[in-house]
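Step one of this worksheet: look at the structure below.
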Amino acid sequence: MTSNQPQNPVSMPGRDRFTSGLGVLAATLGSAVGLGNIWKFPSLTGANGGAAFILVYLISTLLVGLPVMIAEQMIGRRARADAINTLRKLAGRDRRPWWLIGAAGCLAAFLILAFYTEVAGWVFAYIFRALTGAALSTDPDVTSAAFSGLVSDPTQALLWQWIVLILITAIIIMGVSKGIERVTKRLMPILFGLLVLVCIRSLTLDGASEGLTFLFSPDFSKLTGPVILTAMGLAFFKLSIGMGTMITYGSYFRDDQNIPATASRVMLADLLVSMLAGIAIFPAVFAFGFQPDAGPSLLFITIPAVFASMPLGQVFMVLFFVLAAIAATGAMLSLLEVPVAVLNEQFGFSRRKAALITLGLLALVGSTAALSSSTLADFKILGMTPFDLFDYVTSNLLLPLGGLFVCLFVGWAWGWPEVRAALTNDGQLGNARIARAIFGLTKFVSPVLVLIVLLNGLGIIQF
Ligand code: PHE
């Protein structure tokens, strides 16, 4: 346990920061908004009881997601260090290895990037396919063959992943304020604009209302144990928590940033993007009589066929994949920043070197994910291709573990005086009540709920 008086650890001299409140919001929202909004949220909602699922998702977000996001941001800002050093600094004389939270987070961020960059690569490839009209066909069999052609061609799979890797590495090398902040501040408004445009197109199609019914009509009978756990898992992935991302971004927050207010806004805006994505997709899918499939096939097989069916479809398909690429980019920047900050601050590499080392390692490990549908299709670890393994290990193991231990650290090791000081900006803000609530949730409620998700994910308890 650290002393009762909140302390301000000394941070690295010359450390970069986000320069404005808006910049913090853009970067953090950029991290939360990602491919999760574009197909995970809409397809899970549609398949699992519509508004009933959204309600459970919201409750999970409020009881677990938001408190953990706030907890991560506040410890990051207090320590002003990378994910590993944050825990090391704040643990003080406590000899337990809390820094492992940061190390596991760094590993999780790396492994998520290994497969996320591949999916992002497909999205980028589809912008060009939409531009040339190559992926446009109203026949799902044709769009399906086109998608298989992309993922099962090792050269194309690797090429698009590397394009994505080089792009995000270049932005990260530019720095926190001049890279991440500047880019997300420009891209986020474009993302909202494009999303609204595609929503209007979708809603004005004949037969659009069936899609809205599919998405929103509440069906409480669908709320079984696994569905509730899925909603909770989604809340985790959506808010980019449990892998050091929010700790790292928190370490660049301004001293006067109101963390609970920022986190709540990000949560609400992220929810809005998810809803809009659902509204952009399902009315159109139903209007043309397609099946509301889940996962990659919705994005890369159904959606191109839907766009091919509508007037001006090619234009809207370009807009749609550009917005998906923007969403994926903000999320990837936040993931890449975690290992880069660690290499930079733990090992003393320059930012550029740290980014290039991570790029090299990612090209190596990520290529096993990229080749999972071609050269390495028969290479299985624990019965899974590398792509599926990275997804499984991170979502079901590393993220919940990270979230659980962040709660345990904040609630039981760091303690109330520190939390109050961190969330009221050392007494400047009248947030004491909110701080109390967040502290109570991270100490008692969130860890229990996370533990349930974790044990279920591992198959140790079944619902
Ligand atoms: N929140 C992102 C999404 O919804 C994914 C992500 C997870 C980003 C973890 C960063 C860290 O797609």
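Note on naming: chains are A, B, ... as they come in the structure tokens, residues start from 1 per chain, ligands start from 1 in the order shown.
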**Study point:** Residue contacts of Trp414 in chain A (9 Å, only C-alpha atoms) excluding same-chain residues fewer than 3 positions away, as a list in words
**Key:**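 Final neighbour list, sorted by chain and number: Met1, Thr2, Leu90, Ala91, Leu408, Phe409, Val410, Gly411, Pro417, Glu418 and Val419 of chain A.
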Filtering to all heavy atoms, could you give me those residues as a compact mmCIF listing (two decimals), in the first residue's frame?
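Listed below is the output, part26.txt:
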```txt
# COMPACT_ATOMS: atom_id res chain seq x y z
N MET A 1 0.85 -1.21 0.00
CA MET A 1 0.00 0.00 0.00
C MET A 1 0.88 1.25 0.00
O MET A 1 1.85 1.32 0.72
CB MET A 1 -0.89 -0.06 1.25
CG MET A 1 -1.83 1.08 1.46
SD MET A 1 -3.42 0.93 0.65
CE MET A 1 -4.18 -0.46 1.46
N THR A 2 0.52 2.20 -0.82
CA THR A 2 1.28 3.45 -0.81
C THR A 2 0.83 4.28 0.39
O THR A 2 -0.14 3.95 1.04
CB THR A 2 1.02 4.25 -2.09
OG1 THR A 2 -0.38 4.34 -2.28
CG2 THR A 2 1.66 3.61 -3.29
N LEU A 90 3.06 3.62 -9.38
CA LEU A 90 1.96 3.82 -8.43
C LEU A 90 1.94 2.78 -7.34
O LEU A 90 1.41 3.01 -6.26
CB LEU A 90 0.62 3.85 -9.17
CG LEU A 90 0.45 4.96 -10.21
CD1 LEU A 90 -0.96 4.99 -10.74
CD2 LEU A 90 0.81 6.33 -9.64
N ALA A 91 2.50 1.60 -7.62
CA ALA A 91 2.50 0.55 -6.58
C ALA A 91 3.46 0.93 -5.45
O ALA A 91 3.31 0.47 -4.32
CB ALA A 91 2.90 -0.78 -7.19
N LEU A 408 -8.68 -4.49 -9.20
CA LEU A 408 -8.11 -4.90 -7.92
C LEU A 408 -7.04 -3.91 -7.46
O LEU A 408 -6.96 -3.55 -6.28
CB LEU A 408 -7.51 -6.32 -8.01
CG LEU A 408 -8.53 -7.43 -8.27
CD1 LEU A 408 -7.85 -8.78 -8.33
CD2 LEU A 408 -9.63 -7.43 -7.20
N PHE A 409 -6.23 -3.44 -8.41
CA PHE A 409 -5.19 -2.48 -8.05
C PHE A 409 -5.81 -1.19 -7.52
O PHE A 409 -5.48 -0.72 -6.43
CB PHE A 409 -4.28 -2.18 -9.25
CG PHE A 409 -3.28 -1.10 -8.94
CD1 PHE A 409 -2.20 -1.37 -8.11
CD2 PHE A 409 -3.45 0.18 -9.43
CE1 PHE A 409 -1.29 -0.37 -7.78
CE2 PHE A 409 -2.56 1.19 -9.11
CZ PHE A 409 -1.47 0.91 -8.28
N VAL A 410 -6.75 -0.64 -8.31
CA VAL A 410 -7.33 0.65 -7.93
C VAL A 410 -8.15 0.54 -6.65
O VAL A 410 -8.05 1.37 -5.74
CB VAL A 410 -8.18 1.21 -9.10
CG1 VAL A 410 -9.05 2.36 -8.64
CG2 VAL A 410 -7.28 1.64 -10.23
N GLY A 411 -8.97 -0.51 -6.58
CA GLY A 411 -9.87 -0.63 -5.44
C GLY A 411 -9.18 -1.06 -4.15
O GLY A 411 -9.52 -0.59 -3.07
N PRO A 417 -8.11 7.63 -1.06
CA PRO A 417 -7.57 9.01 -1.13
C PRO A 417 -6.95 9.30 -2.49
O PRO A 417 -7.12 10.40 -3.03
CB PRO A 417 -6.50 9.02 -0.03
CG PRO A 417 -6.83 7.89 0.86
CD PRO A 417 -7.51 6.85 0.03
N GLU A 418 -6.26 8.32 -3.04
CA GLU A 418 -5.64 8.51 -4.36
C GLU A 418 -6.69 8.68 -5.44
O GLU A 418 -6.57 9.52 -6.32
CB GLU A 418 -4.76 7.29 -4.71
CG GLU A 418 -3.60 7.06 -3.78
CD GLU A 418 -2.41 7.95 -4.13
OE1 GLU A 418 -2.52 8.73 -5.08
OE2 GLU A 418 -1.39 7.84 -3.43
N VAL A 419 -7.72 7.83 -5.37
CA VAL A 419 -8.77 7.89 -6.39
C VAL A 419 -9.48 9.24 -6.34
O VAL A 419 -9.71 9.89 -7.36
CB VAL A 419 -9.78 6.73 -6.21
CG1 VAL A 419 -10.97 6.90 -7.15
CG2 VAL A 419 -9.09 5.39 -6.47
```
Check your understanding: Within 10 Å of ligand 1, counting only C-alpha atoms and all ligand atoms, which protein or nucleic acid residues do you find, written as a ChimeraX atom specification?
Key -> /A:28-41,105,108-110,112-113,116,234-246,270,274,324,327-338,394-395,399
Review point. Which is closest to Gly21 in chain A among A:Asp426, A:Glu181, A:Glu118, A:Glu345, if we use only C-alpha atoms?
Key: A:Glu181
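Excluding Gly233 in chain A itself and same-chain residues fewer than 3 positions from it, the residues having an atom within 10 Å of it are Tyr57, Ser60, Thr61, Gly65, Val227, Ile228, Leu229, Thr230, Phe236, Phe237, Lys238, Ser395, Asn396, Leu399, Pro400, Val450, Val453, Leu454 and Gly457 of chain A, counting only C-alpha atoms.
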Show me, as a Markdown table, the residues of range 299-322 of chain A having an atom within 7 Å of range 133-148 of chain A, each with the closest atom pair and its distance in Å, using only C-alpha atoms.
```
| residue | atom | partner | partner_atom | distance |
| --- | --- | --- | --- | --- |
| A:Phe300 | CA | A:Phe147 | CA | 6.5 |
| A:Ile301 | CA | A:Ser144 | CA | 5.2 |
| A:Thr302 | CA | A:Pro140 | CA | 6.3 |
| A:Pro304 | CA | A:Leu136 | CA | 5.8 |
| A:Ala305 | CA | A:Thr138 | CA | 4.4 |
| A:Val306 | CA | A:Thr138 | CA | 6.7 |
| A:Ala308 | CA | A:Thr138 | CA | 5.3 |
| A:Ser309 | CA | A:Thr138 | CA | 5.6 |
| A:Gln314 | CA | A:Gly133 | CA | 6.9 |
```
What are the nearest atom pairs, with distances in Å to one decimal, for all residues of range 332-397 of chain A that come at most 9 Å from range 158-164 of chain A, using only C-alpha atoms, set out by chain and rising residue number as CSV?
```
residue,atom,partner,partner_atom,distance
A:Ala363,CA,A:Trp162,CA,6.9
A:Gly366,CA,A:Gln161,CA,8.1
A:Ser367,CA,A:Leu158,CA,6.4
A:Ala370,CA,A:Leu158,CA,6.0
A:Leu371,CA,A:Leu158,CA,7.4
```
Practice item. Measuring atom to atom with only C-alpha atoms, identify which of A:Met384, A:Ile75, A:Leu195, A:Val266 is nearest to Lys89 in chain A. Key: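 For Lys89 in chain A, the nearest of the given residues is A:Ile75.
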**Study point:** Selection near Gly76 in chain A, 8 Å with only C-alpha atoms, sequence-local residues under 6 positions removed, as a list in words
**Key:**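 So the residues in contact are Asp82, Ala83, Thr86, Met246, Ile247, Thr248, Tyr249, Gly250, Ser251 and Tyr252 of chain A.
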Mind writing the picked residues with N, CA and C atoms as an mmCIF file, in the first residue's frame?
```cif
data_model
loop_
_atom_site.group_PDB
_atom_site.id
_atom_site.type_symbol
_atom_site.label_atom_id
_atom_site.label_comp_id
_atom_site.auth_asym_id
_atom_site.auth_seq_id
_atom_site.Cartn_x
_atom_site.Cartn_y
_atom_site.Cartn_z
ATOM 1 N N ASP A 82 4.390 4.939 -19.412
ATOM 2 C CA ASP A 82 3.852 3.835 -20.209
ATOM 3 C C ASP A 82 3.121 2.849 -19.291
ATOM 4 N N ALA A 83 2.441 1.865 -19.901
ATOM 5 C CA ALA A 83 1.563 0.983 -19.112
ATOM 6 C C ALA A 83 2.315 0.242 -18.001
ATOM 7 N N THR A 86 3.606 2.788 -15.278
ATOM 8 C CA THR A 86 2.497 3.364 -14.516
ATOM 9 C C THR A 86 2.234 2.528 -13.272
ATOM 10 N N MET A 246 -6.001 2.574 -22.516
ATOM 11 C CA MET A 246 -6.505 3.758 -21.834
ATOM 12 C C MET A 246 -5.524 4.253 -20.763
ATOM 13 N N ILE A 247 -4.689 3.338 -20.256
ATOM 14 C CA ILE A 247 -3.632 3.777 -19.321
ATOM 15 C C ILE A 247 -2.655 4.668 -20.096
ATOM 16 N N THR A 248 -2.250 4.171 -21.268
ATOM 17 C CA THR A 248 -1.267 4.903 -22.066
ATOM 18 C C THR A 248 -1.829 6.251 -22.526
ATOM 19 N N TYR A 249 -3.069 6.247 -23.038
ATOM 20 C CA TYR A 249 -3.657 7.517 -23.465
ATOM 21 C C TYR A 249 -3.870 8.448 -22.264
ATOM 22 N N GLY A 250 -4.300 7.880 -21.137
ATOM 23 C CA GLY A 250 -4.491 8.694 -19.932
ATOM 24 C C GLY A 250 -3.213 9.413 -19.548
ATOM 25 N N SER A 251 -2.064 8.774 -19.827
ATOM 26 C CA SER A 251 -0.787 9.383 -19.437
ATOM 27 C C SER A 251 -0.478 10.617 -20.281
ATOM 28 N N TYR A 252 -1.231 10.812 -21.380
ATOM 29 C CA TYR A 252 -1.042 12.014 -22.204
ATOM 30 C C TYR A 252 -2.141 13.049 -21.986
#
```
Review point. Distance CA of Phe290 in chain A-CA of Thr204 in chain A, one decimal place?
Key: 17.1 Å
Point to revise | Selected residue, from A:Leu356, A:Ala413, A:Val342, A:Pro42, that lies nearest to Val273 in chain A when counting only C-alpha atoms | key: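 Of A:Leu356, A:Ala413, A:Val342, A:Pro42, the one nearest Val273 in chain A is A:Pro42, counting only C-alpha atoms.
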Exercise for review: For Ala369 in chain A, work out the shell of residues within 6 Å, counting only C-alpha atoms and skipping chain neighbours fewer than 5 positions away, then give it as an NGL selection string.
Suggested key: :A and (115 or 386-387)
N, CA, C and O atoms of the current selection, written as a PDB file, in the first residue's frame:
```
ATOM      1  N   PHE A 115      -3.950  -9.405 -35.683  1.00  0.00           N
ATOM      2  CA  PHE A 115      -5.055  -9.806 -36.576  1.00  0.00           C
ATOM      3  C   PHE A 115      -5.907  -8.617 -37.022  1.00  0.00           C
ATOM      4  O   PHE A 115      -6.474  -8.605 -38.102  1.00  0.00           O
ATOM      5  N   PRO A 386      -3.600 -19.160 -36.438  1.00  0.00           N
ATOM      6  CA  PRO A 386      -3.033 -18.033 -35.676  1.00  0.00           C
ATOM      7  C   PRO A 386      -4.030 -16.872 -35.550  1.00  0.00           C
ATOM      8  O   PRO A 386      -4.171 -16.282 -34.481  1.00  0.00           O
ATOM      9  N   PHE A 387      -4.736 -16.559 -36.631  1.00  0.00           N
ATOM     10  CA  PHE A 387      -5.718 -15.471 -36.616  1.00  0.00           C
ATOM     11  C   PHE A 387      -6.738 -15.680 -35.491  1.00  0.00           C
ATOM     12  O   PHE A 387      -6.958 -14.800 -34.660  1.00  0.00           O
TER      13      PHE A 387
END
```
Check your understanding: With distances taken over only C-alpha atoms, which of A:Phe286, A:Ile171, A:Ser177, A:Gly402 is nearest to Ser209 in chain A?
Key -> A:Phe286
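The space between CA of Gly440 in chain A and CA of Ala263 in chain A spans 17.1 Å.
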Point to revise | Interatomic distance (Å, one decimal) between CA of Leu441 in chain A and CA of Met232 in chain A | key: 15.1 Å
Point to revise | Near-Thr358 in chain A list (12 Å; only C-alpha atoms; drop same-chain fewer than 6 positions) as a PyMOL selection string | key: chain A and resi 106-107+109-111+113-114+165-166+168-170+172-173+335-344+349+351-352+364-366
Practice item. Select from range 24-190 of chain A everything DSSP, run on the backbone, classes as alpha helix (DSSP H), then give the selection as a PyMOL selection string. Key: chain A and resi 24-32+35+41-47+51-60+66-79+83-91+99-132+140-151+154-174+182-190
Practice item. Tell me which protein, DNA and RNA residues are within 12 Å of Leu276 in chain A, counting only C-alpha atoms, leaving out same-chain ones fewer than 5 positions away, and put them as a ChimeraX atom specification. Key: /A:33,37-39,41-42,191-200,202-203,212,215-216,269-271,281-283
